[in-house]
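Source file: start.tsv; contents: TSV, C-alpha atoms.
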chain	number	residue	atom	x	y	z
A	190	MET	CA	-43.30	-21.29	7.56
A	191	SER	CA	-42.00	-21.14	11.13
A	192	GLY	CA	-43.32	-24.61	11.84
A	193	GLN	CA	-40.77	-26.05	9.46
A	194	GLU	CA	-37.92	-24.75	11.63
A	195	ASN	CA	-38.33	-27.19	14.52
A	196	ASN	CA	-35.86	-30.04	15.04
A	197	LEU	CA	-33.29	-28.50	12.74
A	198	SER	CA	-29.78	-29.75	12.11
A	199	ILE	CA	-26.77	-28.07	10.56
A	200	LYS	CA	-24.90	-29.38	7.54
A	201	THR	CA	-21.40	-28.07	7.08
A	202	SER	CA	-19.01	-28.87	4.28
A	203	GLY	CA	-16.04	-31.03	5.24
A	204	GLY	CA	-12.37	-30.27	4.93
A	205	GLN	CA	-10.39	-27.11	5.68
A	206	SER	CA	-7.58	-25.36	3.91
A	207	ASP	CA	-4.17	-25.30	5.59
A	208	ARG	CA	-4.10	-21.56	4.97
A	209	GLN	CA	-4.70	-19.57	8.14
A	210	THR	CA	-5.64	-15.97	8.79
A	211	VAL	CA	-3.52	-14.60	11.64
A	212	VAL	CA	-4.03	-11.28	13.41
A	213	VAL	CA	-0.83	-10.01	15.04
A	214	LYS	CA	-1.27	-7.27	17.64
A	215	LEU	CA	1.90	-5.36	18.42
A	216	GLY	CA	1.98	-3.33	21.62
A	217	THR	CA	3.87	-0.09	22.09
A	218	SER	CA	6.36	-1.83	24.39
A	219	VAL	CA	7.19	-4.29	21.60
A	220	LEU	CA	7.58	-1.59	18.96
A	221	THR	CA	9.80	0.60	21.15
A	222	GLY	CA	11.66	-2.10	23.08
A	223	GLY	CA	10.84	-0.10	26.21
A	224	SER	CA	12.65	2.97	24.88
A	225	LYS	CA	11.21	6.35	23.84
A	226	LYS	CA	11.38	5.71	20.10
A	227	LEU	CA	10.42	3.03	17.59
A	228	ASP	CA	12.83	0.11	17.48
A	229	ARG	CA	12.96	-0.27	13.70
A	230	ALA	CA	15.54	-3.06	13.86
A	231	HIS	CA	13.09	-5.22	15.82
A	232	MET	CA	10.16	-4.10	13.65
A	233	VAL	CA	11.91	-5.40	10.53
A	234	GLU	CA	12.44	-8.75	12.27
A	235	LEU	CA	8.71	-8.97	12.98
A	236	VAL	CA	7.99	-8.07	9.35
A	237	ARG	CA	10.38	-10.82	8.21
A	238	GLN	CA	8.39	-13.38	10.21
A	239	CYS	CA	5.13	-12.11	8.71
A	240	ALA	CA	6.62	-12.24	5.21
A	241	MET	CA	7.52	-15.91	5.76
A	242	LEU	CA	3.91	-16.69	6.62
A	243	ILE	CA	2.64	-14.84	3.58
A	244	ARG	CA	5.03	-16.78	1.33
A	245	GLU	CA	3.58	-19.98	2.80
A	246	GLY	CA	0.09	-18.87	1.76
A	247	HIS	CA	-1.22	-17.52	5.07
A	248	HIS	CA	-3.01	-14.21	5.52
A	249	VAL	CA	-1.61	-11.71	8.03
A	250	VAL	CA	-3.35	-8.72	9.61
A	251	ILE	CA	-1.35	-6.26	11.74
A	252	VAL	CA	-2.97	-4.34	14.59
A	253	THR	CA	-0.42	-1.74	15.51
A	254	SER	CA	0.03	0.46	18.53
A	255	GLY	CA	2.69	3.16	18.69
A	256	ALA	CA	1.07	6.17	17.01
A	257	ILE	CA	1.38	8.40	20.08
A	258	ALA	CA	4.93	7.15	20.79
A	259	ALA	CA	5.87	7.84	17.14
A	260	GLY	CA	4.36	11.32	17.42
A	261	ARG	CA	6.37	12.08	20.55
A	262	GLU	CA	9.54	10.86	18.84
A	263	HIS	CA	8.92	12.94	15.69
A	264	LEU	CA	8.28	16.09	17.76
A	265	ASN	CA	11.39	15.42	19.86
A	266	HIS	CA	9.45	14.53	23.03
A	267	PRO	CA	7.78	17.87	23.78
A	268	GLN	CA	6.91	18.78	27.37
A	269	ILE	CA	3.13	19.10	27.08
A	270	ALA	CA	0.17	18.53	29.37
A	271	ASN	CA	-1.31	15.04	29.43
A	272	THR	CA	-4.69	16.07	27.97
A	273	ILE	CA	-6.95	14.26	25.52
A	274	ALA	CA	-6.42	17.00	22.94
A	275	ASN	CA	-2.63	16.67	23.21
A	276	LYS	CA	-2.83	12.88	22.93
A	277	GLN	CA	-4.96	13.26	19.81
A	278	MET	CA	-2.43	15.75	18.45
A	279	LEU	CA	0.42	13.28	19.03
A	280	ALA	CA	-1.64	10.51	17.43
A	281	ALA	CA	-2.36	12.70	14.40
A	282	VAL	CA	1.36	13.34	13.95
A	283	GLY	CA	2.43	9.80	14.75
A	284	GLN	CA	-0.18	7.93	12.72
A	285	SER	CA	1.50	8.85	9.44
A	286	ARG	CA	4.93	8.06	10.90
A	287	ILE	CA	3.96	4.58	12.07
A	288	ILE	CA	2.26	3.70	8.78
A	289	GLN	CA	5.29	4.95	6.82
A	290	ALA	CA	7.51	2.73	8.96
A	291	TRP	CA	5.38	-0.35	8.24
A	292	GLU	CA	5.15	0.52	4.56
A	293	SER	CA	8.92	0.83	4.13
A	294	LEU	CA	9.66	-2.37	6.09
A	295	PHE	CA	7.13	-4.56	4.27
A	296	ALA	CA	8.39	-3.11	0.96
A	297	ILE	CA	11.73	-4.82	1.64
A	298	TYR	CA	9.91	-8.10	0.98
A	299	GLY	CA	7.83	-6.77	-1.91
A	300	ILE	CA	4.64	-6.71	0.18
A	301	ASN	CA	2.08	-3.90	0.01
A	302	ILE	CA	0.12	-2.70	3.03
A	303	GLY	CA	-3.23	-0.96	3.41
A	304	GLN	CA	-4.14	1.24	6.37
A	305	MET	CA	-7.43	0.82	8.24
A	306	LEU	CA	-8.41	3.29	10.97
A	307	LEU	CA	-11.35	2.09	13.05
A	308	THR	CA	-13.48	3.26	15.95
A	309	ARG	CA	-16.11	1.44	17.98
A	310	ALA	CA	-18.79	3.15	15.86
A	311	ASP	CA	-17.44	1.41	12.75
A	312	LEU	CA	-17.94	-1.97	14.40
A	313	ASP	CA	-21.23	-1.33	16.20
A	314	ASP	CA	-23.12	-0.15	13.11
A	315	ARG	CA	-24.07	-3.16	10.98
A	316	GLU	CA	-23.64	-1.44	7.61
A	317	ARG	CA	-20.26	0.05	8.55
A	318	TYR	CA	-19.22	-3.31	10.03
A	319	LEU	CA	-19.99	-5.06	6.74
A	320	ASN	CA	-18.17	-2.38	4.76
A	321	ALA	CA	-15.12	-2.75	7.02
A	322	ARG	CA	-15.27	-6.54	6.66
A	323	ASP	CA	-15.49	-6.30	2.88
A	324	MET	CA	-12.57	-3.87	2.73
A	325	LEU	CA	-10.46	-6.08	4.98
A	326	GLN	CA	-11.24	-9.14	2.87
A	327	ALA	CA	-10.49	-7.25	-0.35
A	328	LEU	CA	-7.05	-6.33	0.99
A	329	LEU	CA	-6.31	-9.95	1.92
A	330	ASP	CA	-7.65	-11.28	-1.39
A	331	ASN	CA	-5.21	-9.00	-3.19
A	332	ASN	CA	-2.23	-10.04	-1.02
A	333	ILE	CA	-2.14	-6.70	0.78
A	334	VAL	CA	-1.44	-6.68	4.52
A	335	PRO	CA	-4.05	-4.67	6.45
A	336	VAL	CA	-2.44	-2.48	9.11
A	337	VAL	CA	-5.12	-1.51	11.62
A	338	ASN	CA	-5.17	1.04	14.41
A	339	GLU	CA	-7.82	2.90	16.33
A	340	ASN	CA	-8.50	6.35	14.89
A	341	ASP	CA	-7.19	8.10	18.02
A	342	ALA	CA	-6.95	11.49	16.30
A	343	VAL	CA	-10.75	11.81	16.05
A	344	ALA	CA	-12.18	9.21	18.43
A	345	THR	CA	-14.02	10.42	21.51
A	346	ALA	CA	-14.56	8.44	24.70
A	347	GLU	CA	-18.01	7.39	23.49
A	348	ILE	CA	-16.75	5.78	20.28
A	349	LYS	CA	-13.33	4.50	21.36
A	350	VAL	CA	-12.59	0.81	21.75
A	351	GLY	CA	-10.09	2.07	24.31
A	352	ASP	CA	-7.07	-0.15	23.74
A	353	ASN	CA	-5.57	-2.08	20.88
A	354	ASP	CA	-5.84	-5.42	22.70
A	355	ASN	CA	-9.63	-5.35	22.56
A	356	LEU	CA	-9.50	-3.74	19.11
A	357	SER	CA	-7.42	-6.68	17.88
A	358	ALA	CA	-10.06	-9.12	19.14
A	359	LEU	CA	-12.73	-7.25	17.21
A	360	VAL	CA	-10.51	-7.15	14.11
A	361	ALA	CA	-9.90	-10.91	14.44
A	362	ILE	CA	-13.67	-11.44	14.41
A	363	LEU	CA	-13.98	-9.05	11.47
A	364	ALA	CA	-11.30	-10.98	9.56
A	365	GLU	CA	-12.80	-14.35	10.56
A	366	ALA	CA	-9.30	-15.19	11.76
A	367	ASP	CA	-7.99	-18.55	12.92
A	368	LYS	CA	-5.48	-17.14	15.39
A	369	LEU	CA	-4.92	-13.93	17.33
A	370	LEU	CA	-1.41	-13.26	18.61
A	371	LEU	CA	-1.00	-10.60	21.29
A	372	LEU	CA	2.68	-9.68	21.41
A	373	THR	CA	3.86	-7.86	24.51
A	374	ASP	CA	6.90	-7.33	26.74
A	375	GLN	CA	6.00	-10.37	28.89
A	376	PRO	CA	6.36	-14.10	28.03
A	377	GLY	CA	2.67	-14.66	28.81
A	378	LEU	CA	0.32	-14.99	31.77
A	379	PHE	CA	1.88	-16.18	35.05
A	380	THR	CA	0.50	-17.80	38.20
A	381	ALA	CA	1.74	-14.70	40.08
A	382	ASP	CA	3.48	-11.42	39.32
A	383	PRO	CA	6.96	-12.50	38.09
A	384	ARG	CA	8.35	-9.06	38.96
A	385	SER	CA	7.82	-9.65	42.67
A	386	ASN	CA	7.42	-13.42	43.03
A	387	PRO	CA	10.36	-15.61	41.94
A	388	ASP	CA	8.13	-18.71	42.17
A	389	ALA	CA	5.74	-17.43	39.50
A	390	GLU	CA	5.22	-19.95	36.70
A	391	LEU	CA	4.14	-19.36	33.12
A	392	ILE	CA	0.66	-20.67	32.33
A	393	HIS	CA	1.07	-22.49	29.02
A	394	GLU	CA	-2.57	-23.27	28.18
A	395	VAL	CA	-5.93	-21.88	29.32
A	396	HIS	CA	-9.23	-23.72	28.88
A	397	THR	CA	-11.42	-21.53	31.11
A	398	ILE	CA	-11.22	-17.82	31.90
A	399	ASP	CA	-12.55	-17.35	35.43
A	400	GLU	CA	-12.29	-14.82	38.26
A	401	THR	CA	-9.05	-16.38	39.53
A	402	LEU	CA	-7.43	-15.82	36.17
A	403	HIS	CA	-8.63	-12.22	36.04
A	404	LYS	CA	-6.99	-11.55	39.41
A	405	LEU	CA	-3.67	-12.76	38.02
A	406	ALA	CA	-3.75	-10.12	35.27
A	407	GLY	CA	-1.77	-7.01	36.27
A	408	GLY	CA	-1.23	-3.59	34.75
A	409	SER	CA	1.04	-2.25	32.05
A	410	VAL	CA	4.73	-2.82	32.79
A	411	SER	CA	6.30	-0.24	30.48
A	412	GLY	CA	3.89	2.64	31.08
A	413	LEU	CA	4.13	3.43	27.36
A	414	GLY	CA	0.87	1.85	26.22
A	415	THR	CA	-2.80	1.86	27.21
A	416	GLY	CA	-3.19	-1.88	27.77
A	417	GLY	CA	-1.80	-4.29	30.33
A	418	MET	CA	-2.35	-8.00	30.94
A	419	ALA	CA	-5.93	-7.31	32.07
A	420	THR	CA	-6.95	-5.95	28.67
A	421	LYS	CA	-5.22	-8.87	26.97
A	422	LEU	CA	-7.29	-11.27	29.03
A	423	GLN	CA	-10.45	-9.39	28.04
A	424	ALA	CA	-9.44	-9.59	24.39
A	425	ALA	CA	-8.65	-13.29	24.67
A	426	ASP	CA	-12.07	-13.97	26.18
A	427	VAL	CA	-13.88	-12.10	23.39
A	428	ALA	CA	-11.91	-13.77	20.60
A	429	ARG	CA	-12.07	-17.34	21.93
A	430	ARG	CA	-15.86	-17.08	22.25
A	431	SER	CA	-15.87	-16.46	18.50
A	432	GLY	CA	-13.82	-19.58	17.85
A	433	ILE	CA	-10.42	-17.89	17.57
A	434	GLU	CA	-7.32	-19.32	19.22
A	435	VAL	CA	-5.42	-16.64	21.16
A	436	THR	CA	-1.79	-16.55	22.29
A	437	ILE	CA	-0.14	-13.98	24.55
A	438	ALA	CA	3.63	-14.08	24.04
A	439	ALA	CA	6.79	-11.98	24.16
A	440	GLY	CA	7.44	-10.00	21.01
A	441	SER	CA	11.17	-10.46	21.56
A	442	ARG	CA	10.94	-14.27	21.45
A	443	PRO	CA	12.75	-15.63	18.36
A	444	GLU	CA	10.38	-16.81	15.59
A	445	VAL	CA	7.40	-16.28	17.87
A	446	ILE	CA	4.91	-15.57	15.06
A	447	GLN	CA	5.94	-18.64	13.07
A	448	HIS	CA	5.85	-20.88	16.14
A	449	VAL	CA	2.31	-19.80	17.04
A	450	VAL	CA	1.04	-20.53	13.54
A	451	GLU	CA	2.76	-23.93	13.57
A	452	GLY	CA	1.18	-24.77	16.92
A	453	LYS	CA	4.47	-24.88	18.80
A	454	PRO	CA	4.59	-23.83	22.48
A	455	ALA	CA	4.91	-20.06	22.82
A	456	GLY	CA	3.60	-18.00	25.70
A	457	THR	CA	0.07	-18.59	27.00
A	458	ARG	CA	-2.42	-20.18	24.60
A	459	PHE	CA	-6.19	-19.75	25.04
A	460	LEU	CA	-8.20	-22.50	23.38
A	461	PRO	CA	-11.25	-21.47	21.32
A	462	LEU	CA	-14.71	-22.53	22.38
A	463	GLU	CA	-15.64	-23.66	18.87
A	464	SER	CA	-14.58	-23.12	15.26
A	465	PRO	CA	-15.31	-19.68	13.75
A	466	LEU	CA	-17.43	-21.23	11.01
A	467	GLU	CA	-19.50	-23.28	13.45
A	468	SER	CA	-19.89	-20.25	15.71
A	469	ARG	CA	-21.21	-18.11	12.87
A	470	LYS	CA	-23.58	-20.82	11.66
A	471	ARG	CA	-24.97	-21.29	15.15
A	472	TRP	CA	-25.64	-17.56	15.29
A	473	ILE	CA	-27.44	-17.71	11.95
A	474	LEU	CA	-29.58	-20.57	13.17
A	475	ALA	CA	-30.31	-19.37	16.69
A	476	GLY	CA	-29.78	-15.62	16.41
A	477	PRO	CA	-32.15	-12.94	15.11
A	478	PRO	CA	-35.42	-14.06	13.46
A	479	PRO	CA	-35.29	-14.12	9.65
A	480	ALA	CA	-36.30	-10.79	8.12
A	481	GLY	CA	-37.70	-12.20	4.89
A	482	ASN	CA	-37.69	-14.99	2.33
A	483	ILE	CA	-35.61	-15.61	-0.77
A	484	ILE	CA	-37.28	-17.96	-3.28
A	485	ILE	CA	-34.86	-19.87	-5.52
A	486	ASP	CA	-35.18	-22.13	-8.58
A	487	ASP	CA	-34.49	-25.87	-8.72
A	488	GLY	CA	-30.93	-25.49	-9.97
A	489	ALA	CA	-29.97	-23.13	-7.18
A	490	ALA	CA	-31.74	-25.34	-4.62
A	491	LYS	CA	-29.68	-28.33	-5.72
A	492	ALA	CA	-26.45	-26.32	-5.57
A	493	VAL	CA	-27.19	-24.97	-2.08
A	494	VAL	CA	-28.50	-28.19	-0.51
A	495	GLU	CA	-26.35	-30.85	-2.16
A	496	ARG	CA	-23.10	-29.03	-2.93
A	497	HIS	CA	-23.27	-26.41	-0.14
A	498	SER	CA	-22.57	-23.74	-2.74
A	499	SER	CA	-23.07	-20.01	-2.34
A	500	LEU	CA	-26.38	-18.62	-3.55
A	501	LEU	CA	-26.00	-16.59	-6.75
A	502	SER	CA	-28.40	-13.91	-7.93
A	503	LYS	CA	-29.11	-15.95	-11.08
A	504	GLY	CA	-30.92	-18.59	-9.01
A	505	ILE	CA	-33.26	-16.16	-7.22
A	506	THR	CA	-36.83	-16.00	-8.52
A	507	ALA	CA	-38.48	-13.78	-5.87
A	508	VAL	CA	-37.82	-11.89	-2.65
A	509	GLU	CA	-40.42	-11.54	0.11
A	510	GLY	CA	-40.25	-8.96	2.89
A	511	ARG	CA	-38.12	-5.88	3.38
A	512	PHE	CA	-34.66	-6.13	4.93
A	513	ASP	CA	-31.25	-4.52	4.85
A	514	ARG	CA	-27.91	-5.90	3.81
A	515	GLY	CA	-26.54	-8.16	6.54
A	516	ALA	CA	-29.97	-9.44	7.59
A	517	VAL	CA	-30.73	-13.15	8.01
A	518	ALA	CA	-33.27	-14.48	5.48
A	519	ARG	CA	-34.97	-17.82	4.86
A	520	ILE	CA	-34.05	-19.50	1.58
A	521	CYS	CA	-36.96	-21.51	0.16
A	522	ASN	CA	-37.72	-23.48	-2.99
A	523	LYS	CA	-40.56	-22.61	-5.38
A	524	ASP	CA	-43.00	-24.67	-3.26
A	525	GLY	CA	-42.18	-22.65	-0.14
A	526	LYS	CA	-40.16	-25.38	1.55
A	527	LEU	CA	-37.47	-24.03	3.85
A	528	LEU	CA	-34.02	-25.07	2.59
A	529	ALA	CA	-31.59	-22.84	4.44
A	530	ARG	CA	-30.96	-19.66	6.35
A	531	GLY	CA	-28.30	-17.17	5.37
A	532	ILE	CA	-26.84	-13.71	5.88
A	533	CYS	CA	-27.60	-11.61	2.81
A	534	ARG	CA	-24.87	-9.66	1.06
A	535	TYR	CA	-27.54	-7.38	-0.45
A	536	SER	CA	-30.76	-5.73	0.76
A	537	SER	CA	-34.19	-7.05	-0.29
A	538	LYS	CA	-34.53	-4.15	-2.74
A	539	ASP	CA	-31.17	-4.95	-4.35
A	540	LEU	CA	-31.89	-8.69	-4.44
A	541	SER	CA	-35.20	-8.04	-6.22
A	542	ALA	CA	-33.35	-5.92	-8.79
A	543	ILE	CA	-30.67	-8.55	-9.52
A	544	ALA	CA	-32.88	-11.67	-9.21
A	545	GLY	CA	-32.40	-13.97	-12.18
A	546	ARG	CA	-29.43	-11.98	-13.47
A	547	HIS	CA	-25.80	-13.07	-13.77
A	548	SER	CA	-23.29	-12.01	-11.13
A	549	GLN	CA	-21.27	-10.01	-13.65
A	550	ASP	CA	-24.34	-7.81	-14.26
A	551	ILE	CA	-24.71	-6.68	-10.62
A	552	GLN	CA	-22.43	-3.66	-10.98
A	553	ASP	CA	-24.30	-2.41	-14.05
A	554	ILE	CA	-27.74	-2.95	-12.50
A	555	LEU	CA	-27.10	-1.44	-9.07
A	556	GLY	CA	-24.21	0.90	-9.82
A	557	TYR	CA	-22.15	-0.89	-7.16
A	558	ALA	CA	-21.44	-4.43	-5.98
A	559	HIS	CA	-20.84	-6.15	-2.63
A	560	GLY	CA	-19.43	-9.25	-4.28
A	561	ALA	CA	-20.54	-11.88	-6.77
A	562	VAL	CA	-22.83	-13.86	-4.44
A	563	ALA	CA	-26.16	-13.08	-2.80
A	564	VAL	CA	-25.42	-15.33	0.19
A	565	HIS	CA	-21.93	-16.76	0.71
A	566	CYS	CA	-21.65	-20.43	1.63
A	567	ASP	CA	-19.83	-19.54	4.86
A	568	ASP	CA	-22.84	-17.43	5.85
A	569	LEU	CA	-25.39	-20.10	5.00
A	570	VAL	CA	-26.90	-22.91	7.06
A	571	VAL	CA	-28.57	-25.76	5.16
A	572	ILE	CA	-31.55	-27.09	7.08
A	573	ASP	CA	-32.39	-30.78	7.06

Rendering of file as structure tokens:
Amino acid sequence: MSGQENNLSIKTSGGQSDRQTVVVKLGTSVLTGGSKKLDRAHMVELVRQCAMLIREGHHVVIVTSGAIAAGREHLNHPQIANTIANKQMLAAVGQSRIIQAWESLFAIYGINIGQMLLTRADLDDRERYLNARDMLQALLDNNIVPVVNENDAVATAEIKVGDNDNLSALVAILAEADKLLLLTDQPGLFTADPRSNPDAELIHEVHTIDETLHKLAGGSVSGLGTGGMATKLQAADVARRSGIEVTIAAGSRPEVIQHVVEGKPAGTRFLPLESPLESRKRWILAGPPPAGNIIIDDGAAKAVVERHSSLLSKGITAVEGRFDRGAVARICNKDGKLLARGICRYSSKDLSAIAGRHSQDIQDILGYAHGAVAVHCDDLVVID
């Protein structure tokens, strides 16, 4: 069947919703205003801006720093050694404090939040990655704001992302976000260090991240957080390669979140290399070799090819090969003709069990469900 995969083209459905998914990363310097405690007055202003976006139909994900700072504040700034164990202790104390602060502030606007604690291991393992993605999407689908932080209380050096800038880029990919906003104590990236060079100019738009740009990125100004401009540049590079527009801007700038979503000038904007959907579909087409085949009936073939619909379990007649959830599979008609490639929401064993059955029966058959579709249309490439 591999011979049918030469000279392939991609069909994508036209039109996009005006609704955007925005990941907002808030650094410790923004949350404390450079002080030794959380600046709740400024935090509520940031929440107000997020609430405005949500009312307009957008999805918002918060990646929050500040757990260690909140722990220090709650324990009245104890004089303790700067060890990993003590940092984890402060994070353990502060994690509940920071989440309580977000919960109470979003409640002012009648918005619920859901906490997600992640480590690198959650994102490197395919099954855990998919579970985290599904949980994140479930929160957004139910109008709940995900509040994400690294699980500093248990993370070791081997499984840490290391800073919330890079974590936010990974979360943006996980959320299939349109925009990533890195809010900091600086207006953006400058042509020189503005603290020592009065001629330094703000760089408004970046098309290419090269070695010159990396040299412009300095360290943390406040000393309160783990990330400086260098980690923000790393995060921007990761996110834009996945089709996500990134902006570095000052968290103190009035209406900064709204302005970024509206496309107004704010800080330094990094243009994406391609759309997230196109990026994912290119990966499906050119990435790992298909692990198996899904044979579908005529009705499902018409829906997938002509209407670019998701593939439902009802339309599956057979499954060939053994593969796990998240694998790429060929989708073929009853004559064996290759119609599409797609990322499977279920393993080959599960697909065989639910083949020909209605979506509402999946829970009863398997005892669990990863959604109503076998292959979502956003994870499917129709092959001409």

Margin query: Quick one: residues within 7 Å of segment 488-496 of chain A, all atoms listed in the file, excluding same-chain residues fewer than 4 positions away - as a PyMOL selection string?
Written below: chain A and resi 500+504+522+571

Write the residues of the selection above to a file with C-alpha atoms, as an mmCIF file, in the coordinates of the input.
data_model
loop_
_atom_site.group_PDB
_atom_site.id
_atom_site.type_symbol
_atom_site.label_atom_id
_atom_site.label_comp_id
_atom_site.auth_asym_id
_atom_site.auth_seq_id
_atom_site.Cartn_x
_atom_site.Cartn_y
_atom_site.Cartn_z
ATOM 1 C CA LEU A 500 -26.380 -18.620 -3.550
ATOM 2 C CA GLY A 504 -30.920 -18.590 -9.010
ATOM 3 C CA ASN A 522 -37.720 -23.480 -2.990
ATOM 4 C CA VAL A 571 -28.570 -25.760 5.160
#

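One finds atom CA of Val249 of chain A at 17.9 Å from atom CA of Glu339 of chain A.
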
Residues at most 12 Å from Val236 of chain A, counting all atoms listed in the file, excluding those fewer than 5 positions away in the same chain, as a CSV table (one decimal) with C-alpha atoms, keeping the file's coordinate frame?
chain,number,residue,atom,x,y,z
A,213,VAL,CA,-0.8,-10.0,15.0
A,215,LEU,CA,1.9,-5.4,18.4
A,220,LEU,CA,7.6,-1.6,19.0
A,229,ARG,CA,13.0,-0.3,13.7
A,230,ALA,CA,15.5,-3.1,13.9
A,231,HIS,CA,13.1,-5.2,15.8
A,241,MET,CA,7.5,-15.9,5.8
A,242,LEU,CA,3.9,-16.7,6.6
A,243,ILE,CA,2.6,-14.8,3.6
A,249,VAL,CA,-1.6,-11.7,8.0
A,250,VAL,CA,-3.4,-8.7,9.6
A,251,ILE,CA,-1.4,-6.3,11.7
A,290,ALA,CA,7.5,2.7,9.0
A,291,TRP,CA,5.4,-0.4,8.2
A,292,GLU,CA,5.2,0.5,4.6
A,293,SER,CA,8.9,0.8,4.1
A,294,LEU,CA,9.7,-2.4,6.1
A,295,PHE,CA,7.1,-4.6,4.3
A,296,ALA,CA,8.4,-3.1,1.0
A,297,ILE,CA,11.7,-4.8,1.6
A,298,TYR,CA,9.9,-8.1,1.0
A,299,GLY,CA,7.8,-6.8,-1.9
A,300,ILE,CA,4.6,-6.7,0.2
A,301,ASN,CA,2.1,-3.9,0.0
A,302,ILE,CA,0.1,-2.7,3.0
A,334,VAL,CA,-1.4,-6.7,4.5
A,336,VAL,CA,-2.4,-2.5,9.1
A,440,GLY,CA,7.4,-10.0,21.0
A,444,GLU,CA,10.4,-16.8,15.6
A,445,VAL,CA,7.4,-16.3,17.9
A,446,ILE,CA,4.9,-15.6,15.1
A,447,GLN,CA,5.9,-18.6,13.1

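For the pair atom CA of Ser385 of chain A and atom CA of Ala419 of chain A, the interatomic distance is 17.5 Å.
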
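With all atoms listed in the file as the atoms that count, the residue of A:Ala529, A:Arg546, A:Leu474, A:Lys214 with the shortest distance to Lys421 of chain A is A:Lys214.
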
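Atom CA of His248 of chain A to atom CA of Ser502 of chain A spans 28.7 Å [interatomic distance, one decimal].
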
Checklist line | Close residues, segment 364-367 of chain A itself excluded, 8 Å, only C-alpha atoms, min 6 positions apart in chain, as a ChimeraX atom specification | finding: /A:209-212,322,325-326,432-434,465

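Counting only C-alpha atoms, the residue from A:Tyr535, A:His266, A:Leu370, A:Ile273 that sits nearest to Asn320 of chain A is A:Tyr535.
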
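Checking A:Leu319, A:Gly452, A:Ser499, A:Gly545 one by one against His559 of chain A, counting all atoms listed in the file, you find the shortest gap at A:Leu319.
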
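Each of A:Gly556, A:Pro376, A:Pro443, A:Gly223 was checked against Ala542 of chain A using all atoms listed in the file; the smallest atom-to-atom distance is that of A:Gly556.
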
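Compared by their closest atoms to Ile473 of chain A, and using all atoms listed in the file, the residues A:Ala563, A:Ala321, A:Ile572, A:Ile543 rank with A:Ile572 nearest.
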
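With distances taken over all atoms listed in the file, A:Val219 is the one residue among A:Val219, A:Thr373, A:Ile333, A:Ile520 lying closest to Glu234 of chain A.
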
Axis-aligned box for all listed atoms of segment 508-522 of chain A, 3 Å per side, centre and edges in Å to one decimal, as JSON:
{"center_x": -33.5, "center_y": -14.0, "center_z": 2.5, "size_x": 19.9, "size_y": 25.0, "size_z": 17.0}

Next item on the list: Counting all atoms listed in the file, note down every residue that has an atom within 8 Å of the point (-39.7, -28.7, -8.6) (file coordinates), as a PyMOL selection string.
Entry: chain A and resi 486-487+522-524

Notebook entry, point to check: Leaving out Gly283 of chain A and any residue of its chain fewer than 3 positions from it, which residues lie within 9 Å of it when counting all atoms listed in the file, given as a PyMOL selection string?
Noted result: chain A and resi 255-263+278-280+286-288

Next item on the list: For Ser254 of chain A, please output as a list in words all residues within 7 Å (counting all atoms listed in the file; exclusion window: fewer than 4 positions along the same chain).
Entry: Leu215, Gly216, Thr217, Asn338 and Asn353 of chain A
